[in-house]
file model_36.cif (mmCIF, C-alpha atoms)
data_protein
#
loop_
_atom_site.label_atom_id
_atom_site.label_comp_id
_atom_site.auth_asym_id
_atom_site.auth_seq_id
_atom_site.Cartn_x
_atom_site.Cartn_y
_atom_site.Cartn_z
CA MET M 760 -23.42 -1.91 1.53
CA LYS M 761 -20.16 -2.58 3.37
CA ASP M 762 -19.04 -5.69 1.52
CA LYS M 763 -15.35 -4.99 0.80
CA LEU M 764 -12.04 -5.76 2.49
CA LEU M 765 -9.19 -3.29 1.96
CA ILE M 766 -5.52 -4.20 2.16
CA LEU M 767 -4.26 -1.23 4.17
CA SER M 768 -0.58 -0.46 4.58
CA GLY M 769 -0.77 2.94 6.26
CA GLY M 770 0.79 4.70 3.29
CA MET M 771 -0.72 7.49 1.20
CA ASP M 772 -2.42 5.31 -1.41
CA SER M 773 -4.24 2.80 0.77
CA VAL M 774 -5.19 5.45 3.36
CA THR M 775 -6.72 7.50 0.53
CA MET M 776 -8.66 4.44 -0.60
CA LEU M 777 -9.82 3.84 2.97
CA TYR M 778 -11.41 7.29 3.12
CA HIS M 779 -12.53 7.30 -0.51
CA TYR M 780 -14.48 4.04 -0.13
CA GLN M 781 -15.18 4.09 3.61
CA ASN M 782 -18.90 3.51 3.10
CA GLU M 783 -18.16 0.23 1.30
CA ILE M 784 -15.35 -1.14 3.48
CA ALA M 785 -16.26 -3.59 6.23
CA LEU M 786 -12.73 -4.62 7.14
CA ALA M 787 -9.17 -3.36 6.69
CA LEU M 788 -6.34 -5.88 6.62
CA SER M 789 -2.69 -5.05 7.26
CA PHE M 790 0.36 -7.30 7.11
CA ASN M 791 3.55 -7.29 9.15
CA TYR M 792 6.06 -8.91 6.83
CA GLY M 793 9.25 -7.58 8.37
CA ALA M 794 9.77 -4.56 6.12
CA ASN M 795 11.94 -1.73 7.42
CA HIS M 796 8.93 0.59 7.56
CA ASN M 797 6.22 -1.83 8.75
CA ALA M 798 6.03 -0.48 12.30
CA LYS M 799 5.61 3.11 11.10
CA GLU M 800 2.95 2.16 8.56
CA LEU M 801 0.96 -0.12 10.84
CA ALA M 802 0.58 2.56 13.51
CA PHE M 803 -1.04 4.89 10.97
CA ALA M 804 -3.21 2.10 9.55
CA ALA M 805 -4.60 1.44 13.03
CA LEU M 806 -5.11 5.16 13.67
CA HIS M 807 -7.21 5.75 10.55
CA CYS M 808 -9.33 2.65 11.08
CA GLN M 809 -10.03 3.81 14.62
CA GLN M 810 -10.99 7.27 13.39
CA LEU M 811 -13.42 5.84 10.83
CA GLY M 812 -14.77 3.03 12.99
CA ILE M 813 -13.61 0.36 10.53
CA ALA M 814 -12.54 -3.03 11.89
CA HIS M 815 -8.82 -3.70 11.47
CA VAL M 816 -6.93 -6.99 11.40
CA VAL M 817 -3.13 -7.39 11.31
CA ILE M 818 -1.65 -10.67 10.08
CA ASP M 819 1.99 -11.60 10.64
CA LEU M 820 4.00 -12.77 7.63
CA GLY M 821 7.36 -12.99 9.33
CA PHE M 822 8.48 -15.83 7.08
CA MET M 823 8.92 -13.31 4.26
CA ALA M 824 11.67 -11.43 6.11
CA GLN M 825 13.34 -14.75 6.92
CA HIS M 826 13.29 -16.28 3.46
CA PHE M 827 12.69 -13.60 0.81
CA LYS M 828 15.31 -11.35 -0.78
CA SER M 829 14.61 -7.61 -0.89
CA SER M 830 16.30 -4.43 0.34
CA LEU M 831 12.98 -3.61 2.04
CA LEU M 832 13.76 -6.43 4.44
CA GLU M 833 17.44 -5.68 5.04
CA GLY M 834 17.55 -2.43 7.02
CA ALA M 835 17.67 1.28 6.19
CA ASP M 836 21.18 1.23 4.70
CA ALA M 837 20.11 -1.26 2.01
CA ILE M 838 17.55 1.16 0.50
CA PRO M 839 18.89 2.92 -2.61
CA GLU M 840 18.57 6.69 -2.78
CA ALA M 841 17.24 6.84 -6.33
CA ASP M 842 14.17 7.58 -8.42
CA TYR M 843 11.81 4.77 -9.39
CA ASP M 844 12.98 4.67 -13.01
CA GLU M 845 16.53 3.76 -12.01
CA GLU M 846 17.71 0.15 -12.23
CA ASN M 847 18.77 -0.20 -8.60
CA MET M 848 15.21 0.41 -7.35
CA LYS M 849 14.46 -3.17 -8.42
CA SER M 850 16.19 -4.22 -5.20
CA THR M 851 13.08 -3.06 -3.32
CA VAL M 852 10.85 -5.68 -4.96
CA VAL M 853 9.53 -8.22 -2.45
CA PRO M 854 8.86 -11.24 -4.69
CA PHE M 855 5.14 -11.88 -5.23
CA ARG M 856 4.24 -9.86 -2.13
CA ASN M 857 0.89 -8.71 -3.49
CA GLY M 858 0.04 -12.21 -4.69
CA ILE M 859 0.57 -13.60 -1.19
CA MET M 860 -1.38 -10.78 0.45
CA LEU M 861 -4.26 -10.92 -2.01
CA SER M 862 -4.56 -14.68 -1.53
CA ILE M 863 -4.81 -14.34 2.25
CA ALA M 864 -7.18 -11.38 1.90
CA ALA M 865 -9.42 -13.36 -0.45
CA GLY M 866 -9.65 -16.23 2.03
CA LEU M 867 -10.46 -13.84 4.87
CA ALA M 868 -13.05 -12.00 2.78
CA ASN M 869 -14.68 -15.28 1.81
CA SER M 870 -14.76 -16.34 5.45
CA ARG M 871 -16.43 -13.06 6.42
CA GLY M 872 -18.96 -13.12 3.58
CA LEU M 873 -17.41 -10.11 1.86
CA LYS M 874 -17.55 -9.71 -1.90
CA ALA M 875 -14.38 -7.86 -2.89
CA VAL M 876 -10.76 -7.34 -1.89
CA MET M 877 -9.43 -3.86 -2.55
CA ILE M 878 -5.79 -3.05 -3.24
CA ALA M 879 -4.28 0.40 -3.79
CA ASN M 880 -1.66 -0.34 -6.44
CA HIS M 881 -1.18 2.53 -8.90
CA GLY M 882 0.42 3.41 -12.20
CA GLY M 883 3.62 4.77 -10.68
CA ASP M 884 4.47 1.25 -9.47
CA HIS M 885 4.21 -0.43 -12.87
CA ALA M 886 7.78 0.04 -14.08
CA ILE M 887 9.41 -1.72 -11.12
CA TYR M 888 6.82 -3.91 -9.41
CA PRO M 889 5.30 -6.68 -11.57
CA ASP M 890 2.63 -7.49 -8.97
CA CYS M 891 1.20 -3.97 -9.27
CA ARG M 892 0.48 -4.08 -13.01
CA GLN M 893 -2.92 -4.46 -14.65
CA VAL M 894 -2.04 -7.85 -16.14
CA PHE M 895 -1.27 -9.19 -12.65
CA VAL M 896 -4.38 -7.70 -11.05
CA SER M 897 -6.55 -9.15 -13.82
CA ALA M 898 -4.96 -12.58 -13.43
CA MET M 899 -5.42 -12.53 -9.65
CA ASP M 900 -9.02 -11.42 -10.05
CA GLU M 901 -9.68 -14.41 -12.27
CA ALA M 902 -7.89 -16.78 -9.89
CA VAL M 903 -9.70 -15.46 -6.82
CA GLY M 904 -13.02 -15.60 -8.63
CA ALA M 905 -12.38 -19.18 -9.73
CA GLY M 906 -11.24 -20.18 -6.26
CA THR M 907 -14.32 -18.77 -4.51
CA ASP M 908 -17.06 -19.57 -7.07
CA ASN M 909 -17.04 -15.85 -7.91
CA GLU M 910 -18.03 -14.97 -4.37
CA VAL M 911 -14.92 -12.75 -4.05
CA ARG M 912 -13.27 -10.57 -6.70
CA ILE M 913 -10.36 -8.10 -6.77
CA PHE M 914 -11.16 -4.37 -6.97
CA ALA M 915 -8.19 -2.11 -7.80
CA PRO M 916 -9.60 1.28 -8.87
CA TYR M 917 -6.28 3.16 -8.69
CA THR M 918 -4.38 0.85 -11.05
CA ASN M 919 -4.13 3.40 -13.85
CA LEU M 920 -3.78 6.51 -11.69
CA CYS M 921 -0.50 8.12 -10.67
CA LYS M 922 0.32 9.08 -7.09
CA SER M 923 -0.43 12.74 -7.82
CA ASP M 924 -3.93 11.76 -8.95
CA ILE M 925 -4.42 9.87 -5.71
CA ALA M 926 -3.18 12.81 -3.65
CA LYS M 927 -5.69 15.04 -5.43
CA ILE M 928 -8.47 12.64 -4.42
CA GLY M 929 -7.19 12.84 -0.86
CA ALA M 930 -7.09 16.63 -0.97
CA GLY M 931 -10.78 16.63 -1.84
CA LEU M 932 -11.45 14.31 1.08
CA GLY M 933 -9.46 16.45 3.51
CA ILE M 934 -6.99 13.70 4.40
CA ASP M 935 -4.11 14.70 6.67
CA TYR M 936 -1.20 13.05 4.88
CA SER M 937 1.17 13.84 7.73
CA LEU M 938 -0.57 10.85 9.35
CA THR M 939 0.72 8.44 6.70
CA TRP M 940 4.10 6.84 6.11
CA SER M 941 6.06 6.45 2.87
CA CYS M 942 9.79 6.18 3.57
CA TYR M 943 11.29 2.76 2.82
CA LYS M 944 14.07 3.27 5.36
CA GLY M 945 11.62 3.26 8.27
CA GLN M 946 13.68 5.45 10.58
CA GLU M 947 12.37 7.98 13.09
CA VAL M 948 11.39 10.47 10.36
CA HIS M 949 11.17 10.31 6.56
CA CYS M 950 14.62 10.37 4.97
CA GLY M 951 13.52 12.65 2.14
CA VAL M 952 15.84 11.11 -0.45
CA CYS M 953 14.64 7.55 -1.16
CA ALA M 954 12.31 7.02 -4.12
CA THR M 955 9.16 6.85 -2.03
CA CYS M 956 10.01 10.08 -0.23
CA ARG M 957 10.70 11.82 -3.53
CA GLU M 958 7.46 10.52 -5.01
CA ARG M 959 5.57 11.63 -1.89
CA LYS M 960 6.96 15.16 -2.09
CA GLN M 961 6.08 15.45 -5.78
CA ALA M 962 2.55 14.06 -5.37
CA LEU M 963 1.72 16.43 -2.53
CA ALA M 964 3.12 19.38 -4.48
CA ASP M 965 1.14 18.41 -7.60
CA ALA M 966 -2.04 18.18 -5.52
CA GLY M 967 -1.45 21.59 -3.97
CA ILE M 968 -1.18 20.11 -0.47
CA GLU M 969 1.13 21.72 2.06
CA ASP M 970 3.71 19.07 2.94
CA THR M 971 4.08 19.03 6.73
CA THR M 972 6.04 15.77 6.69
CA VAL M 973 9.26 15.93 8.71
CA TYR M 974 12.18 14.95 6.47
CA GLN M 975 15.84 14.40 7.32
CA SER M 976 16.81 15.95 3.96
#
call {"tool": "encode", "arguments": {"input": "model_36.cif", "output": "structure tokens"}}
result
Amino acid sequence: MKDKLLILSGGMDSVTMLYHYQNEIALALSFNYGANHNAKELAFAALHCQQLGIAHVVIDLGFMAQHFKSSLLEGADAIPEADYDEENMKSTVVPFRNGIMLSIAAGLANSRGLKAVMIANHGGDHAIYPDCRQVFVSAMDEAVGAGTDNEVRIFAPYTNLCKSDIAKIGAGLGIDYSLTWSCYKGQEVHCGVCATCRERKQALADAGIEDTTVYQS
């Protein structure tokens, strides 16, 4: 039964989840919150939904770019060229982003009579992003359940997987990852040196997938 809503960015993880659970997903929801790479991601999100015949909604959250502090919202030059375990990557945190998105998604799911909101957070995010960790997902699940009389819950099946694990799932599904976006700088092509580009390269290599992504470096 198609009774789930997926928060879909257009990146590797959520696109994998879209294909992995396509028979359960009634609606994909994307957000435009003013991130450097939003336009690149959203184009791929729309493409994959069209290919799978899954309804797609985009909601504007422009207030986040106006009022929130994060290098993701400040242009390509603000993005540090570092691995995720380095201190300066904390600048890419958008405060409580997933909490805001999950809340909106839960309301939309409840309005549509859907039973679950899916999010593609994964273990590689845990060190830097507090709203990707299991404790956060569990707390949001309880809050959403309480706020909807348990009509909607949070489903986050990739929480304890790493990006390489997700890429391996995608390899089995035949996903073309060249039709996804990772780079936080959001320029014409992937920069190849920011943390998300480095993680992308490693995950594809670990999964045995030929990386046809165009990189600057």
call {"tool": "closest_residue", "arguments": {"input": "model_36.cif", "among": "M:Cys891, M:Tyr974, M:Asn795, M:Phe914", "to": "M:Ile838", "atoms": "all atoms listed in the file"}}
result
M:Asn795
call {"tool": "closest_residue", "arguments": {"input": "model_36.cif", "among": "M:Val896, M:Leu832, M:Ala962, M:Ala785", "to": "M:Ala879", "atoms": "all atoms listed in the file"}}
result
M:Val896
call {"tool": "closest_residue", "arguments": {"input": "model_36.cif", "among": "M:Met776, M:Leu932, M:Leu767, M:Ala794", "to": "M:Ser829", "atoms": "only C-alpha atoms"}}
result
M:Ala794
call {"tool": "residues_around", "arguments": {"input": "model_36.cif", "residues": "M:Leu873", "least_positions_apart": "6", "cutoff": "7 Å", "atoms": "all atoms listed in the file", "output": "ChimeraX atom specification"}}
result
/M:762-764,911
call {"tool": "residues_around", "arguments": {"input": "model_36.cif", "residues": "M:Ala824", "least_positions_apart": "3", "cutoff": "7 Å", "atoms": "all atoms listed in the file", "output": "short mmCIF file (atom, residue, chain, number, x, y, z; two decimals) with C-alpha atoms, in the coordinates of the input"}}
result
data_model
loop_
_atom_site.label_atom_id
_atom_site.label_comp_id
_atom_site.auth_asym_id
_atom_site.auth_seq_id
_atom_site.Cartn_x
_atom_site.Cartn_y
_atom_site.Cartn_z
CA TYR M 792 6.06 -8.91 6.83
CA GLY M 793 9.25 -7.58 8.37
CA GLY M 821 7.36 -12.99 9.33
CA PHE M 827 12.69 -13.60 0.81
CA LEU M 832 13.76 -6.43 4.44
#
call {"tool": "resolve_selection", "arguments": {"input": "model_36.cif", "expression": "the PyMOL selection byres ((chain M and resi 943) around 8)", "output": "PDB file with C-alpha atoms, in the coordinates of the input"}}
result
ATOM      1  CA  ASN M 795      11.940  -1.730   7.420  1.00  0.00           C
ATOM      2  CA  HIS M 796       8.930   0.590   7.560  1.00  0.00           C
ATOM      3  CA  LEU M 831      12.980  -3.610   2.040  1.00  0.00           C
ATOM      4  CA  ALA M 835      17.670   1.280   6.190  1.00  0.00           C
ATOM      5  CA  ILE M 838      17.550   1.160   0.500  1.00  0.00           C
ATOM      6  CA  SER M 941       6.060   6.450   2.870  1.00  0.00           C
ATOM      7  CA  CYS M 942       9.790   6.180   3.570  1.00  0.00           C
ATOM      8  CA  LYS M 944      14.070   3.270   5.360  1.00  0.00           C
ATOM      9  CA  GLY M 945      11.620   3.260   8.270  1.00  0.00           C
ATOM     10  CA  CYS M 953      14.640   7.550  -1.160  1.00  0.00           C
ATOM     11  CA  THR M 955       9.160   6.850  -2.030  1.00  0.00           C
TER      12      THR M 955
END
call {"tool": "resolve_selection", "arguments": {"input": "model_36.cif", "expression": "the PyMOL selection byres ((chain M and resi 936) around 12)", "output": "JSON, numbers by chain"}}
result
{"M": [769, 770, 771, 772, 773, 774, 775, 778, 803, 807, 925, 926, 927, 928, 929, 930, 932, 933, 934, 935, 937, 938, 939, 940, 941, 959, 960, 962, 963, 966, 968, 969, 970, 971, 972, 973]}
call {"tool": "resolve_selection", "arguments": {"input": "model_36.cif", "expression": "the PyMOL selection byres ((chain M and resi 818) around 8)", "output": "list in words"}}
result
Leu788, Ser789, Phe790, Asn791, Val816, Val817, Asp819 and Leu820 of chain M
call {"tool": "closest_residue", "arguments": {"input": "model_36.cif", "among": "M:Met760, M:Cys950, M:Leu811, M:Val903", "to": "M:Leu867", "atoms": "all atoms listed in the file"}}
result
M:Val903
call {"tool": "closest_residue", "arguments": {"input": "model_36.cif", "among": "M:Gly883, M:Gly834, M:Pro889, M:Gly872", "to": "M:Val852", "atoms": "all atoms listed in the file"}}
result
M:Pro889
call {"tool": "closest_residue", "arguments": {"input": "model_36.cif", "among": "M:Ala841, M:Ala915, M:Ala864, M:Gly951", "to": "M:Tyr780", "atoms": "only C-alpha atoms"}}
result
M:Ala915
call {"tool": "axis_aligned_box", "arguments": {"input": "model_36.cif", "around": "stretch 961-971 of chain M", "padding_each_side": "6 Å", "output": "lines of an AutoDock Vina configuration file"}}
result
center_x = 2.0
center_y = 17.9
center_z = -0.4
size_x = 20.1
size_y = 19.7
size_z = 26.3
call {"tool": "atom_distance", "arguments": {"input": "model_36.cif", "atom1": "atom CA of M:Ala875", "atom2": "atom CA of M:Ala787"}}
result
11.8 Å
call {"tool": "atom_distance", "arguments": {"input": "model_36.cif", "atom1": "atom CA of M:Leu920", "atom2": "atom CA of M:Leu861"}}
result
19.9 Å
call {"tool": "atom_distance", "arguments": {"input": "model_36.cif", "atom1": "atom CA of M:Cys921", "atom2": "atom CA of M:Ile863"}}
result
26.3 Å
call {"tool": "residues_around", "arguments": {"input": "model_36.cif", "residues": "M:Ala865", "least_positions_apart": "6", "cutoff": "12 Å", "atoms": "only C-alpha atoms", "output": "JSON, numbers by chain"}}
result
{"M": [763, 764, 765, 766, 788, 857, 858, 859, 871, 872, 873, 874, 875, 876, 877, 878, 899, 900, 901, 902, 903, 904, 905, 906, 907, 908, 909, 910, 911, 912, 913, 914]}
